[in-house]
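Trainee: If it helps, the file is called upload39.tsv and holds TSV, C-alpha atoms:
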chain	number	residue	atom	x	y	z
A	1	ARG	CA	24.31	7.63	4.65
A	2	GLN	CA	22.09	7.35	7.75
A	3	ALA	CA	19.77	5.02	5.82
A	4	GLU	CA	22.68	2.75	4.81
A	5	MET	CA	23.92	2.58	8.39
A	6	SER	CA	20.42	1.76	9.60
A	7	ILE	CA	20.28	-1.19	7.18
A	8	LYS	CA	23.71	-2.39	8.33
A	9	GLU	CA	22.65	-2.10	11.97
A	10	LYS	CA	19.50	-4.09	11.25
A	11	GLU	CA	21.42	-6.83	9.40
A	12	GLU	CA	24.30	-7.15	11.84
A	13	TRP	CA	22.66	-6.57	15.22
A	14	GLY	CA	18.94	-6.85	14.57
A	15	THR	CA	18.31	-3.30	15.77
A	16	GLY	CA	17.56	0.01	14.07
A	17	LYS	CA	14.87	1.04	11.63
A	18	GLY	CA	16.27	-0.76	8.60
A	19	MET	CA	14.69	0.17	5.27
A	20	MET	CA	12.32	2.67	6.92
A	21	LYS	CA	15.18	5.20	7.04
A	22	TRP	CA	14.87	5.49	3.27
A	23	HIS	CA	11.15	6.19	3.49
A	24	LYS	CA	10.81	8.93	6.08
A	25	CYS	CA	12.63	11.53	8.12
A	26	PHE	CA	13.05	10.40	11.71
A	27	ASP	CA	13.60	13.97	12.91
A	28	CYS	CA	10.14	15.22	11.91
A	29	GLY	CA	8.43	11.88	11.30
A	30	GLN	CA	7.17	12.84	7.82
A	31	ARG	CA	7.51	10.58	4.80
A	32	PHE	CA	9.68	11.92	2.01
A	33	HIS	CA	7.86	13.13	-1.09
A	34	GLY	CA	8.39	14.78	-4.46
A	35	ALA	CA	11.90	15.18	-5.84
A	36	VAL	CA	13.54	14.13	-2.55
A	37	LYS	CA	11.60	10.85	-2.51
A	38	LEU	CA	12.50	10.14	-6.14
A	39	ALA	CA	16.19	10.87	-5.57
A	40	LEU	CA	16.23	8.59	-2.53
A	41	GLY	CA	14.45	5.88	-4.52
A	42	TRP	CA	17.20	5.86	-7.15
A	43	ALA	CA	19.92	6.07	-4.48
A	44	CYS	CA	18.44	3.11	-2.60
A	45	TRP	CA	18.22	1.09	-5.80
A	46	LYS	CA	21.83	1.83	-6.78
A	47	THR	CA	23.01	0.88	-3.30
A	48	TYR	CA	21.44	-2.60	-3.24
A	49	MET	CA	20.93	-3.55	-6.92
A	50	SER	CA	24.09	-5.68	-6.97
A	51	ARG	CA	22.81	-8.01	-4.26
A	52	PRO	CA	21.26	-11.36	-5.30
A	53	ASP	CA	17.54	-11.65	-6.11
A	54	HIS	CA	16.71	-13.47	-2.88
A	55	ASP	CA	18.34	-10.79	-0.70
A	56	GLY	CA	15.72	-8.84	1.23
A	57	CYS	CA	17.31	-5.45	0.61
A	58	HIS	CA	17.51	-6.07	-3.14
A	59	GLY	CA	13.76	-6.66	-3.34
A	60	ALA	CA	12.89	-3.88	-0.88
A	61	ALA	CA	15.00	-1.37	-2.82
A	62	MET	CA	13.32	-2.24	-6.13
A	63	LEU	CA	9.89	-2.07	-4.50
A	64	PHE	CA	10.70	1.34	-3.00
A	65	LEU	CA	11.84	2.67	-6.38
A	66	THR	CA	8.67	1.45	-8.10
A	67	HIS	CA	6.60	3.39	-5.54
A	68	CYS	CA	8.71	6.51	-6.12
A	69	LEU	CA	8.27	6.35	-9.91
A	70	GLY	CA	4.48	6.02	-9.89
A	71	GLU	CA	2.58	4.12	-12.59
A	72	GLY	CA	3.60	5.69	-15.90
A	73	ARG	CA	6.04	5.03	-18.71
A	74	GLU	CA	9.11	5.86	-16.61
A	75	ALA	CA	8.25	3.21	-14.04
A	76	LEU	CA	7.54	0.43	-16.58
A	77	PRO	CA	11.10	-0.94	-17.10
A	78	VAL	CA	11.83	-0.85	-13.36
A	79	VAL	CA	8.63	-2.70	-12.45
A	80	LYS	CA	9.29	-5.23	-15.24
A	81	ALA	CA	12.74	-5.89	-13.75
A	82	TYR	CA	11.24	-6.21	-10.27
A	83	VAL	CA	8.64	-8.74	-11.47
A	84	ALA	CA	11.35	-10.72	-13.28
A	85	SER	CA	13.47	-10.74	-10.12
A	86	LEU	CA	10.60	-12.04	-7.98
A	87	GLN	CA	9.72	-14.64	-10.62
A	88	ARG	CA	13.30	-15.96	-10.54
A	89	VAL	CA	13.08	-16.32	-6.76
A	90	VAL	CA	9.79	-18.26	-7.05
A	91	ASP	CA	11.14	-20.45	-9.86
A	92	SER	CA	14.24	-21.34	-7.82
A	93	THR	CA	12.21	-22.35	-4.76
A	94	LEU	CA	11.42	-26.06	-4.66
A	95	HIS	CA	8.79	-25.92	-1.94
A	96	TYR	CA	6.94	-22.73	-1.11
A	97	ASN	CA	3.83	-21.67	0.73
A	98	PRO	CA	1.19	-19.99	-1.49
A	99	LEU	CA	1.57	-16.89	0.68
A	100	ASP	CA	5.17	-16.65	-0.58
A	101	LEU	CA	3.68	-15.68	-3.96
A	102	GLN	CA	2.11	-12.50	-2.59
A	103	PRO	CA	5.07	-10.17	-3.33
A	104	LEU	CA	5.11	-11.39	-6.94
A	105	ARG	CA	1.35	-10.96	-7.31
A	106	VAL	CA	1.46	-7.43	-5.86
A	107	ALA	CA	4.28	-6.56	-8.28
A	108	GLN	CA	2.34	-8.00	-11.23
A	109	LYS	CA	-0.65	-5.80	-10.34
A	110	LYS	CA	1.70	-2.81	-10.21
A	111	LEU	CA	3.06	-3.77	-13.63
A	112	ALA	CA	-0.48	-3.94	-15.03
A	113	GLU	CA	-1.08	-0.39	-13.74
A	114	CYS	CA	2.13	0.72	-15.44
A	115	TYR	CA	1.01	-0.81	-18.73
A	116	PHE	CA	-2.22	1.16	-18.45
A	117	GLY	CA	-0.35	4.33	-17.52
A	118	SER	CA	1.92	3.98	-20.53
A	119	GLY	CA	-0.94	3.49	-22.99
A	120	GLN	CA	-0.94	-0.32	-23.26
A	121	PRO	CA	-4.42	-1.32	-22.00
A	122	ASP	CA	-4.47	-4.67	-23.84
A	123	GLU	CA	-1.23	-5.77	-22.17
A	124	ALA	CA	-2.54	-4.53	-18.82
A	125	LEU	CA	-5.74	-6.56	-19.17
A	126	ARG	CA	-3.85	-9.68	-20.29
A	127	LEU	CA	-1.63	-9.54	-17.21
A	128	MET	CA	-4.45	-8.74	-14.80
A	129	ARG	CA	-6.56	-11.62	-16.14
A	130	SER	CA	-3.59	-13.90	-15.52
A	131	VAL	CA	-3.18	-12.61	-11.95
A	132	TYR	CA	-6.88	-13.20	-11.30
A	133	THR	CA	-7.03	-16.72	-12.77
A	134	ASP	CA	-3.79	-17.76	-11.02
A	135	GLY	CA	-5.17	-16.51	-7.71
A	136	LEU	CA	-8.44	-18.34	-8.28
A	137	ARG	CA	-6.52	-21.57	-8.86
A	138	ILE	CA	-4.09	-21.16	-5.94
A	139	PHE	CA	-6.25	-19.54	-3.25
A	140	GLY	CA	-9.76	-20.59	-4.26
A	141	PRO	CA	-12.90	-18.54	-5.04
A	142	SER	CA	-13.56	-17.35	-1.48
A	143	SER	CA	-10.19	-15.91	-0.46
A	144	GLU	CA	-9.43	-12.24	0.13
A	145	ASP	CA	-6.71	-12.48	-2.50
A	146	THR	CA	-9.27	-13.59	-5.09
A	147	PHE	CA	-11.73	-10.88	-4.06
A	148	ASN	CA	-9.01	-8.21	-4.37
A	149	ALA	CA	-7.90	-9.51	-7.77
A	150	ALA	CA	-11.52	-9.58	-9.01
A	151	GLU	CA	-12.04	-5.98	-7.87
A	152	GLN	CA	-8.86	-4.84	-9.61
A	153	LEU	CA	-9.65	-6.75	-12.82
A	154	ALA	CA	-13.12	-5.18	-12.89
A	155	GLY	CA	-11.49	-1.77	-12.58
A	156	PHE	CA	-9.25	-2.50	-15.54
A	157	LEU	CA	-12.18	-3.76	-17.60
A	158	ILE	CA	-14.29	-0.61	-17.15
A	159	ARG	CA	-11.29	1.64	-17.81
A	160	ALA	CA	-10.34	-0.24	-20.99
A	161	SER	CA	-13.60	0.16	-22.92
A	162	ASP	CA	-17.35	0.68	-22.66
A	163	GLU	CA	-17.80	-3.01	-23.55
A	164	GLY	CA	-15.94	-3.97	-20.39
A	165	PHE	CA	-18.79	-2.90	-18.09
A	166	PHE	CA	-20.89	-5.99	-18.71
A	167	GLU	CA	-17.96	-8.36	-18.06
A	168	ALA	CA	-17.00	-6.42	-14.93
A	169	LYS	CA	-20.59	-6.53	-13.69
A	170	THR	CA	-20.74	-10.31	-14.22
A	171	LEU	CA	-17.38	-10.85	-12.51
A	172	LEU	CA	-18.30	-8.82	-9.44
A	173	ARG	CA	-21.72	-10.46	-9.11
A	174	LYS	CA	-19.92	-13.81	-9.10
A	175	HIS	CA	-17.80	-12.93	-6.05
A	176	LEU	CA	-19.85	-10.45	-4.02
A	177	PRO	CA	-22.21	-13.00	-2.39
A	178	SER	CA	-19.24	-15.09	-1.26
A	179	ALA	CA	-17.46	-12.02	0.13
A	180	ARG	CA	-20.58	-11.11	2.12
A	181	ARG	CA	-20.79	-14.64	3.54
A	182	THR	CA	-17.14	-15.04	4.49
A	183	LEU	CA	-15.93	-11.55	5.44
A	184	ALA	CA	-16.97	-9.08	8.12
A	185	PRO	CA	-18.83	-5.95	6.91
A	186	ASP	CA	-15.78	-3.79	7.62
A	187	ALA	CA	-13.27	-6.08	5.87
A	188	GLU	CA	-11.38	-4.00	3.31
A	189	ALA	CA	-11.63	-6.63	0.56
A	190	ARG	CA	-15.41	-6.78	0.96
A	191	ILE	CA	-15.75	-3.00	0.97
A	192	LYS	CA	-13.64	-2.59	-2.19
A	193	LEU	CA	-15.55	-5.31	-4.02
A	194	ALA	CA	-18.95	-3.85	-3.09
A	195	LYS	CA	-17.84	-0.31	-3.94
A	196	MET	CA	-16.53	-1.36	-7.35
A	197	TYR	CA	-19.78	-3.22	-8.00
A	198	ALA	CA	-21.88	-0.17	-7.09
A	199	VAL	CA	-19.84	2.09	-9.37
A	200	THR	CA	-19.94	-0.45	-12.21
A	201	ILE	CA	-23.69	-1.04	-12.22
A	202	TYR	CA	-24.43	2.69	-11.87
A	203	ILE	CA	-22.19	3.83	-14.70
A	204	HIS	CA	-23.40	0.98	-16.91
A	205	ALA	CA	-27.01	2.00	-16.21
A	206	ASP	CA	-26.08	5.63	-16.86
A	207	GLN	CA	-24.55	4.84	-20.23
A	208	SER	CA	-27.41	2.63	-21.41
A	209	ASP	CA	-30.06	4.95	-19.92
A	210	THR	CA	-31.84	1.91	-18.46
A	211	CYS	CA	-31.83	-0.19	-15.30
A	212	ARG	CA	-33.48	2.18	-12.85
A	213	ASP	CA	-33.19	-0.54	-10.18
A	214	ASP	CA	-29.41	-0.71	-10.66
A	215	ARG	CA	-29.08	3.02	-10.01
A	216	PHE	CA	-30.90	2.78	-6.69
A	217	GLU	CA	-29.13	-0.46	-5.74
A	218	ALA	CA	-25.80	1.31	-6.24
A	219	VAL	CA	-26.84	4.15	-3.94
A	220	SER	CA	-28.05	1.69	-1.29
A	221	ILE	CA	-24.71	-0.19	-1.37
A	222	LEU	CA	-22.69	3.01	-1.09
A	223	GLU	CA	-24.81	4.23	1.82
A	224	LYS	CA	-23.97	1.04	3.73
A	225	ILE	CA	-20.28	1.37	2.88
A	226	VAL	CA	-20.14	4.97	4.07
A	227	ARG	CA	-21.74	4.01	7.39
A	228	VAL	CA	-19.13	1.28	7.89
A	229	GLN	CA	-16.24	3.57	6.89
A	230	ARG	CA	-17.43	6.39	9.14
A	231	ARG	CA	-17.58	4.00	12.08
A	232	LYS	CA	-14.24	2.32	11.34
A	233	LYS	CA	-12.12	5.14	9.89
A	234	GLY	CA	-13.97	8.33	10.70
A	235	PRO	CA	-15.71	10.87	8.42
A	236	ASN	CA	-12.50	12.66	7.41
A	237	HIS	CA	-10.54	9.63	6.25
A	238	PRO	CA	-9.70	9.83	2.50
A	239	SER	CA	-11.48	6.51	1.81
A	240	THR	CA	-14.65	7.68	3.57
A	241	LYS	CA	-14.60	11.03	1.79
A	242	HIS	CA	-14.06	9.36	-1.60
A	243	THR	CA	-17.01	7.01	-1.13
A	244	GLN	CA	-19.15	9.90	0.14
A	245	SER	CA	-18.34	11.99	-2.95
A	246	ILE	CA	-19.42	9.16	-5.27
A	247	LEU	CA	-22.59	8.64	-3.23
A	248	ASP	CA	-23.44	12.36	-3.38
A	249	GLU	CA	-22.94	12.39	-7.16
A	250	PHE	CA	-25.18	9.35	-7.69
A	251	ARG	CA	-27.88	10.75	-5.40
A	252	GLN	CA	-27.92	14.01	-7.33
A	253	LYS	CA	-28.21	12.18	-10.64
A	254	ASN	CA	-31.06	10.04	-9.32
A	255	ALA	CA	-32.86	13.15	-8.05
A	256	ARG	CA	-32.62	14.72	-11.52
A	257	CYS	CA	-33.68	11.56	-13.39
A	258	TYR	CA	-36.44	10.49	-10.99
A	259	PRO	CA	-37.82	13.64	-9.32
Could you spell out this file's structure in structure tokens?
Mentor:
Amino acid sequence: RQAEMSIKEKEEWGTGKGMMKWHKCFDCGQRFHGAVKLALGWACWKTYMSRPDHDGCHGAAMLFLTHCLGEGREALPVVKAYVASLQRVVDSTLHYNPLDLQPLRVAQKKLAECYFGSGQPDEALRLMRSVYTDGLRIFGPSSEDTFNAAEQLAGFLIRASDEGFFEAKTLLRKHLPSARRTLAPDAEARIKLAKMYAVTIYIHADQSDTCRDDRFEAVSILEKIVRVQRRKKGPNHPSTKHTQSILDEFRQKNARCYP
């Protein structure tokens, strides 16, 4: 009830926390999680589902529910409905800025994850390829949107099959030089692209038992990323710790293979 009143206050008087009341407790400041978060996700959706597609609360409620459901089979029909809703809004808009497409593109990426989580990798790859090629056409080859889509498509490729490593490696090599030229070393899109490239070339080398240079190049890239993340986010940030764990694993493997 407090969350509904907060939305009403935001809409009528421009004050209050709006949709954030659904996301976290304002007494303790913690975000809701587990069964409480899921129950609130469904409650939020039921409250605003009858509003038109272009209404902000309608879209925000569907987005919130998709986050609550995760990326498995249960989330798939909800995310499909959310993508369809956003597509109708785009189709009904005569003149729009390319940035207006971002909510739809984010939802499409979420849908691709749901396809993967529900055991439909071919459908996930088809959709993610479409997101990447559309972004390339709309935003150009040197935009952060394109870099992010390339990184995510590469991730899908290497998860789908062993044959996907070569295509992922080629895709990332296509965009990494441009990302290094146009983005700062601590730009998140550049870091993600470089990290995915390092993981891809190392695992591909590991599987084929060749490419000694690729193994050491991967370690060198990850060392640079860790230094940037430590400086920007600190050593205890989850992103820093994740990169450090991959780096430690690759160093250990190199030490065993090339003593």
Trainee: Record the distance separating atom CA of Tyr197 of chain A and atom CA of Val79 of chain A, expressed in Å with one decimal.
Mentor: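 It comes out at 28.8 Å.
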Trainee: Can you pull out the residues contacting segment 101-116 of chain A? Cut-off 8 Å, using only C-alpha atoms, and skip same-chain residues under 2 positions away; I want them as a list in words.
Mentor: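 Skipping anything fewer than 2 positions along the chain leaves Glu71, Gly72, Arg73, Ala75, Leu76, Val79, Lys80, Tyr82, Val83, Leu86, Gln87, Val90, Asn97, Pro98, Leu99, Ser118, Gly119, Gln120, Pro121, Glu123, Ala124, Leu125, Leu127, Met128 and Val131 of chain A.
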Trainee: Restricting the calculation to only C-alpha atoms, which member of A:His58, A:Lys232, A:His175, A:Arg88 is positioned closest to Ala189 of chain A?
Mentor: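 Ranked by minimum distance to Ala189 of chain A, first place goes to A:His175.
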Trainee: For Cys257 of chain A, which of A:Val199, A:Ala205, A:Leu176, A:Leu153 is the closest residue, counting all atoms listed in the file?
Mentor: A:Ala205
Trainee: Draw an axis-aligned box tight on the listed atoms of segment 72-82 of chain A, then pad every side by 8 Å and write out centre and edge lengths in Å to one decimal as JSON.
Mentor:
{"center_x": 8.2, "center_y": -0.2, "center_z": -14.5, "size_x": 25.1, "size_y": 28.1, "size_z": 24.4}
Trainee: What's around Lys169 of chain A at 8 Å? Count all atoms listed in the file, leave out sequence neighbours fewer than 6 positions away in its own chain, and write the answer as a PyMOL selection string.
Mentor: chain A and resi 154+197+200-201
Trainee: Calculated over all atoms listed in the file, which of the candidates A:Lys46, A:Arg181, A:Lys195, A:Arg137 has the smallest distance to Gln152 of chain A?
Mentor: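 The closest residue to Gln152 of chain A is A:Lys195.
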Trainee: Suppose you want the space between atom CA of Glu188 of chain A and atom CA of Arg126 of chain A; what is it in Å?
Mentor: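 Interatomic distance here is 25.4 Å.
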Trainee: Pick out the residues sitting within 8 Å of Val78 of chain A, and hand them over as a tab-separated table (two decimals) with C-alpha atoms, in the frame of the given file; count all atoms listed in the file, and ignore anything fewer than 3 positions along from it in its own chain.
Mentor:
chain	number	residue	atom	x	y	z
A	62	MET	CA	13.32	-2.24	-6.13
A	65	LEU	CA	11.84	2.67	-6.38
A	66	THR	CA	8.67	1.45	-8.10
A	74	GLU	CA	9.11	5.86	-16.61
A	75	ALA	CA	8.25	3.21	-14.04
A	81	ALA	CA	12.74	-5.89	-13.75
A	82	TYR	CA	11.24	-6.21	-10.27
Trainee: Might you pull out every residue within 9 Å of Lys192 of chain A, with only C-alpha atoms counted and same-chain residues fewer than 6 positions away left off, and present them as JSON, numbers by chain?
Mentor: {"A": [147, 148, 151]}
Trainee: At what distance in Å, to one decimal, does atom CA of Ala60 of chain A lie from atom CA of Cys44 of chain A?
Mentor: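 Interatomic distance, atom CA of Cys44 of chain A to atom CA of Ala60 of chain A: 9.1 Å.
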Trainee: Please identify all polymer residues within 12 Å of segment 233-245 of chain A, counting only C-alpha atoms, omitting same-chain residues fewer than 2 positions from it, and present them as a list in words.
Mentor: Asp186, Ala187, Glu188, Ile191, Lys192, Ala194, Lys195, Met196, Ala198, Val199, Ala218, Val219, Ile221, Leu222, Glu223, Lys224, Ile225, Val226, Arg227, Val228, Gln229, Arg230, Arg231, Leu247, Asp248, Glu249, Phe250, Arg251 and Gln252 of chain A
Trainee: Looking at all atoms listed in the file, which of A:Asp122, A:Asp134, A:Asp206, A:Asp145 is the one that sits closest to Leu157 of chain A?
Mentor: A:Asp122
Trainee: Given only C-alpha atoms as the basis, pick out the residue of A:Ala84, A:Ile203, A:Ala150, A:Ile246 nearest to Ala179 of chain A.
Mentor: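 When distances to Ala179 of chain A are compared using only C-alpha atoms, the smallest one comes from A:Ala150.
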